[in-house]
Amino acid sequence: MGGDTAQFNNNMHNNLPTGTVTFLFTDIQGSTPLWEHEPEKMAEAQQVHNDALRQAIEANGGIVFQIVGDAFATAFHTASQALRAAIDGQRRLQSAAWNELGPIQVRMGLHTGTAELDPQGDALYARSHTLNRVARVMSAGQGGQILLSQETYELVRRDLPEGPRSRTWANNA
């Protein structure tokens with residue numbers, strides 16, 4: 001079984017985008033109290049969450065390269081793919097069959113920048129401003145929101161669906 005895991009990691013490593021990459025990071029809003037008070041129900045809800053997001057990400061050409069708790073870190077070759085995955089993910093989450101906890105609220109952030117694989121192998125991607133920035137963009141959001149950095153917005157502004165409100169976010173992240 002260890003060989004299968006190593007093969008999976010090598011395949012993922014070989015398929016990760018590098019150069020200019022758009023990252024989509026997600027996080028369940030308010031998950032800590034849910035885990036503390038309703039761990040069994042939250043485990044069920046997280047599985048629904050994971051399935052919905054993984055389907056949306058993979059259907060739009062993304063790669064889930066890390067899951068920490070209930071937070072996804074994903075990479076895409078293009079900003080348009082990442083935006084479609086985020087919108088698809090939020091729609092799948094809204095229409096999912098939830099347990100008694102009700103719909104889980106997920107915040108999402110997208111940022112486009114340069115990224116290279118970690119040459120030392122400590123992580124898949126080398127530490128960079130790009131990864132720090134996408135984490136900050138995501139953490140500024142609320143459940144149900146998709147926030148874009150200015151860099152990503154410039155690449156996808158023509159692809160934005162009708163209806164969502166758009167605001168310029170200060171460039172201090």
# chains A, B, ... in the order shown; residues from 1 in each chain; ligands from 1
>>> closest_atom_pairs(of="region 53-168 of chain A", to="region 29-46 of chain A", cutoff="7 Å", atoms="only C-alpha atoms", output="Markdown table")
| residue | atom | partner | partner_atom | distance |
| --- | --- | --- | --- | --- |
| A:Trp98 | CA | A:Ala45 | CA | 6.5 |
| A:Asn99 | CA | A:Ala45 | CA | 6.7 |
| A:Leu101 | CA | A:Lys41 | CA | 7.0 |
| A:Gln105 | CA | A:Gln29 | CA | 5.6 |
| A:Val106 | CA | A:Gln29 | CA | 5.7 |
| A:Arg107 | CA | A:Gln29 | CA | 6.6 |
| A:Gln142 | CA | A:Gln29 | CA | 6.9 |
| A:Gly143 | CA | A:Gln29 | CA | 5.5 |
>>> residues_around(residues="region 79-91 of chain A", least_positions_apart="4", cutoff="9 Å", atoms="only C-alpha atoms", output="VMD selection string")
chain A and resid 21 to 24 26 52 to 62 74 to 75 95 to 96 105 to 112 144 to 146 148 152 to 153 155 to 156 159 to 160
>>> atom_distance(atom1="CA of Val137 (chain A)", atom2="CA of Ala115 (chain A)")
16.6 Å
>>> select_by_dssp(residues="chain A", states="helix (DSSP H, G or I)", output="PyMOL selection string")
chain A and resi 2-15+31-37+39-59+79-95+129-139+150-159
>>> closest_residue(among="A:Asn50, A:Val134, A:Thr20, A:Leu117", to="Gln150 (chain A)", atoms="only C-alpha atoms")
A:Val134
>>> atom_distance(atom1="CA of Leu124 (chain A)", atom2="CA of His77 (chain A)")
15.5 Å
>>> closest_residue(among="A:Ile104, A:Ala97, A:Ala73, A:Ile28", to="Gly141 (chain A)", atoms="only C-alpha atoms")
A:Ile28
>>> select_by_dssp(residues="chain A", states="strand (DSSP E or B)", output="VMD selection string")
chain A and resid 19 to 28 63 to 68 71 to 76 106 to 115 117 125 146 to 148
>>> atom_distance(atom1="CA of Ile67 (chain A)", atom2="CA of Arg92 (chain A)")
18.6 Å
>>> closest_residue(among="A:Asp118, A:Gly113, A:Asn15, A:Leu147", to="Leu131 (chain A)", atoms="only C-alpha atoms")
A:Gly113
>>> closest_residue(among="A:Leu93, A:Phe76, A:Pro17, A:Val64", to="Gln47 (chain A)", atoms="only C-alpha atoms")
A:Leu93
>>> closest_residue(among="A:Gln120, A:Leu16, A:His49, A:Thr78", to="Phe65 (chain A)", atoms="only C-alpha atoms")
A:Leu16
>>> decode(residues="region 140-153 of chain A", atoms="all heavy atoms", output="mmCIF file, in the first residue's frame")
data_model
loop_
_atom_site.group_PDB
_atom_site.id
_atom_site.type_symbol
_atom_site.label_atom_id
_atom_site.label_comp_id
_atom_site.auth_asym_id
_atom_site.auth_seq_id
_atom_site.Cartn_x
_atom_site.Cartn_y
_atom_site.Cartn_z
ATOM 1 N N ALA A 140 -10.132 36.687 4.855
ATOM 2 C CA ALA A 140 -10.907 37.925 4.950
ATOM 3 C C ALA A 140 -12.383 37.707 4.629
ATOM 4 O O ALA A 140 -13.211 38.574 4.892
ATOM 5 C CB ALA A 140 -10.326 38.980 4.008
ATOM 6 N N GLY A 141 -12.722 36.550 4.082
ATOM 7 C CA GLY A 141 -14.089 36.283 3.658
ATOM 8 C C GLY A 141 -14.969 35.743 4.761
ATOM 9 O O GLY A 141 -14.508 35.381 5.848
ATOM 10 N N GLN A 142 -16.249 35.703 4.451
ATOM 11 C CA GLN A 142 -17.265 35.101 5.310
ATOM 12 C C GLN A 142 -17.821 33.884 4.575
ATOM 13 O O GLN A 142 -17.654 33.747 3.368
ATOM 14 C CB GLN A 142 -18.393 36.095 5.587
ATOM 15 C CG GLN A 142 -17.951 37.343 6.324
ATOM 16 C CD GLN A 142 -17.472 37.026 7.729
ATOM 17 O OE1 GLN A 142 -18.092 36.263 8.458
ATOM 18 N NE2 GLN A 142 -16.339 37.595 8.109
ATOM 19 N N GLY A 143 -18.508 33.025 5.309
ATOM 20 C CA GLY A 143 -19.101 31.841 4.715
ATOM 21 C C GLY A 143 -19.992 32.198 3.540
ATOM 22 O O GLY A 143 -20.788 33.124 3.613
ATOM 23 N N GLY A 144 -19.838 31.484 2.439
ATOM 24 C CA GLY A 144 -20.616 31.714 1.233
ATOM 25 C C GLY A 144 -19.968 32.684 0.266
ATOM 26 O O GLY A 144 -20.424 32.821 -0.867
ATOM 27 N N GLN A 145 -18.899 33.363 0.682
ATOM 28 C CA GLN A 145 -18.243 34.341 -0.184
ATOM 29 C C GLN A 145 -17.080 33.726 -0.942
ATOM 30 O O GLN A 145 -16.415 32.805 -0.465
ATOM 31 C CB GLN A 145 -17.701 35.514 0.631
ATOM 32 C CG GLN A 145 -18.759 36.413 1.202
ATOM 33 C CD GLN A 145 -18.135 37.591 1.938
ATOM 34 O OE1 GLN A 145 -17.071 37.487 2.533
ATOM 35 N NE2 GLN A 145 -18.830 38.724 1.907
ATOM 36 N N ILE A 146 -16.840 34.293 -2.123
ATOM 37 C CA ILE A 146 -15.654 33.998 -2.916
ATOM 38 C C ILE A 146 -14.944 35.332 -3.099
ATOM 39 O O ILE A 146 -15.481 36.241 -3.733
ATOM 40 C CB ILE A 146 -16.015 33.417 -4.298
ATOM 41 C CG1 ILE A 146 -16.842 32.140 -4.164
ATOM 42 C CG2 ILE A 146 -14.750 33.179 -5.116
ATOM 43 C CD1 ILE A 146 -17.457 31.667 -5.478
ATOM 44 N N LEU A 147 -13.759 35.468 -2.514
ATOM 45 C CA LEU A 147 -12.984 36.694 -2.656
ATOM 46 C C LEU A 147 -11.846 36.472 -3.640
ATOM 47 O O LEU A 147 -11.212 35.417 -3.639
ATOM 48 C CB LEU A 147 -12.413 37.135 -1.309
ATOM 49 C CG LEU A 147 -13.410 37.436 -0.197
ATOM 50 C CD1 LEU A 147 -12.672 37.976 1.025
ATOM 51 C CD2 LEU A 147 -14.474 38.420 -0.647
ATOM 52 N N LEU A 148 -11.598 37.485 -4.467
ATOM 53 C CA LEU A 148 -10.529 37.431 -5.458
ATOM 54 C C LEU A 148 -9.517 38.521 -5.159
ATOM 55 O O LEU A 148 -9.902 39.647 -4.846
ATOM 56 C CB LEU A 148 -11.070 37.681 -6.872
ATOM 57 C CG LEU A 148 -12.325 36.962 -7.329
ATOM 58 C CD1 LEU A 148 -12.703 37.425 -8.723
ATOM 59 C CD2 LEU A 148 -12.125 35.474 -7.314
ATOM 60 N N SER A 149 -8.248 38.201 -5.297
ATOM 61 C CA SER A 149 -7.238 39.249 -5.242
ATOM 62 C C SER A 149 -7.375 40.097 -6.506
ATOM 63 O O SER A 149 -8.000 39.679 -7.495
ATOM 64 C CB SER A 149 -5.839 38.646 -5.162
ATOM 65 O OG SER A 149 -5.515 37.993 -6.380
ATOM 66 N N GLN A 150 -6.785 41.275 -6.493
ATOM 67 C CA GLN A 150 -6.826 42.138 -7.672
ATOM 68 C C GLN A 150 -6.184 41.445 -8.869
ATOM 69 O O GLN A 150 -6.682 41.550 -9.986
ATOM 70 C CB GLN A 150 -6.112 43.472 -7.388
ATOM 71 C CG GLN A 150 -6.275 44.488 -8.497
ATOM 72 C CD GLN A 150 -7.697 44.968 -8.661
ATOM 73 O OE1 GLN A 150 -8.420 45.153 -7.687
ATOM 74 N NE2 GLN A 150 -8.121 45.180 -9.892
ATOM 75 N N GLU A 151 -5.114 40.695 -8.634
ATOM 76 C CA GLU A 151 -4.431 39.988 -9.723
ATOM 77 C C GLU A 151 -5.362 38.983 -10.389
ATOM 78 O O GLU A 151 -5.400 38.883 -11.619
ATOM 79 C CB GLU A 151 -3.179 39.277 -9.183
ATOM 80 C CG GLU A 151 -2.077 40.214 -8.724
ATOM 81 C CD GLU A 151 -2.255 40.746 -7.302
ATOM 82 O OE1 GLU A 151 -3.307 40.531 -6.678
ATOM 83 O OE2 GLU A 151 -1.314 41.395 -6.817
ATOM 84 N N THR A 152 -6.095 38.245 -9.592
ATOM 85 C CA THR A 152 -7.023 37.264 -10.151
ATOM 86 C C THR A 152 -8.206 37.963 -10.809
ATOM 87 O O THR A 152 -8.633 37.579 -11.906
ATOM 88 C CB THR A 152 -7.501 36.291 -9.065
ATOM 89 O OG1 THR A 152 -6.352 35.642 -8.494
ATOM 90 C CG2 THR A 152 -8.439 35.234 -9.638
ATOM 91 N N TYR A 153 -8.725 38.998 -10.163
ATOM 92 C CA TYR A 153 -9.855 39.733 -10.715
ATOM 93 C C TYR A 153 -9.539 40.236 -12.128
ATOM 94 O O TYR A 153 -10.379 40.133 -13.034
ATOM 95 C CB TYR A 153 -10.239 40.897 -9.804
ATOM 96 C CG TYR A 153 -11.299 41.783 -10.409
ATOM 97 C CD1 TYR A 153 -12.636 41.392 -10.407
ATOM 98 C CD2 TYR A 153 -10.955 42.985 -11.007
ATOM 99 C CE1 TYR A 153 -13.613 42.194 -10.991
ATOM 100 C CE2 TYR A 153 -11.920 43.791 -11.585
ATOM 101 C CZ TYR A 153 -13.240 43.397 -11.579
ATOM 102 O OH TYR A 153 -14.193 44.185 -12.161
#
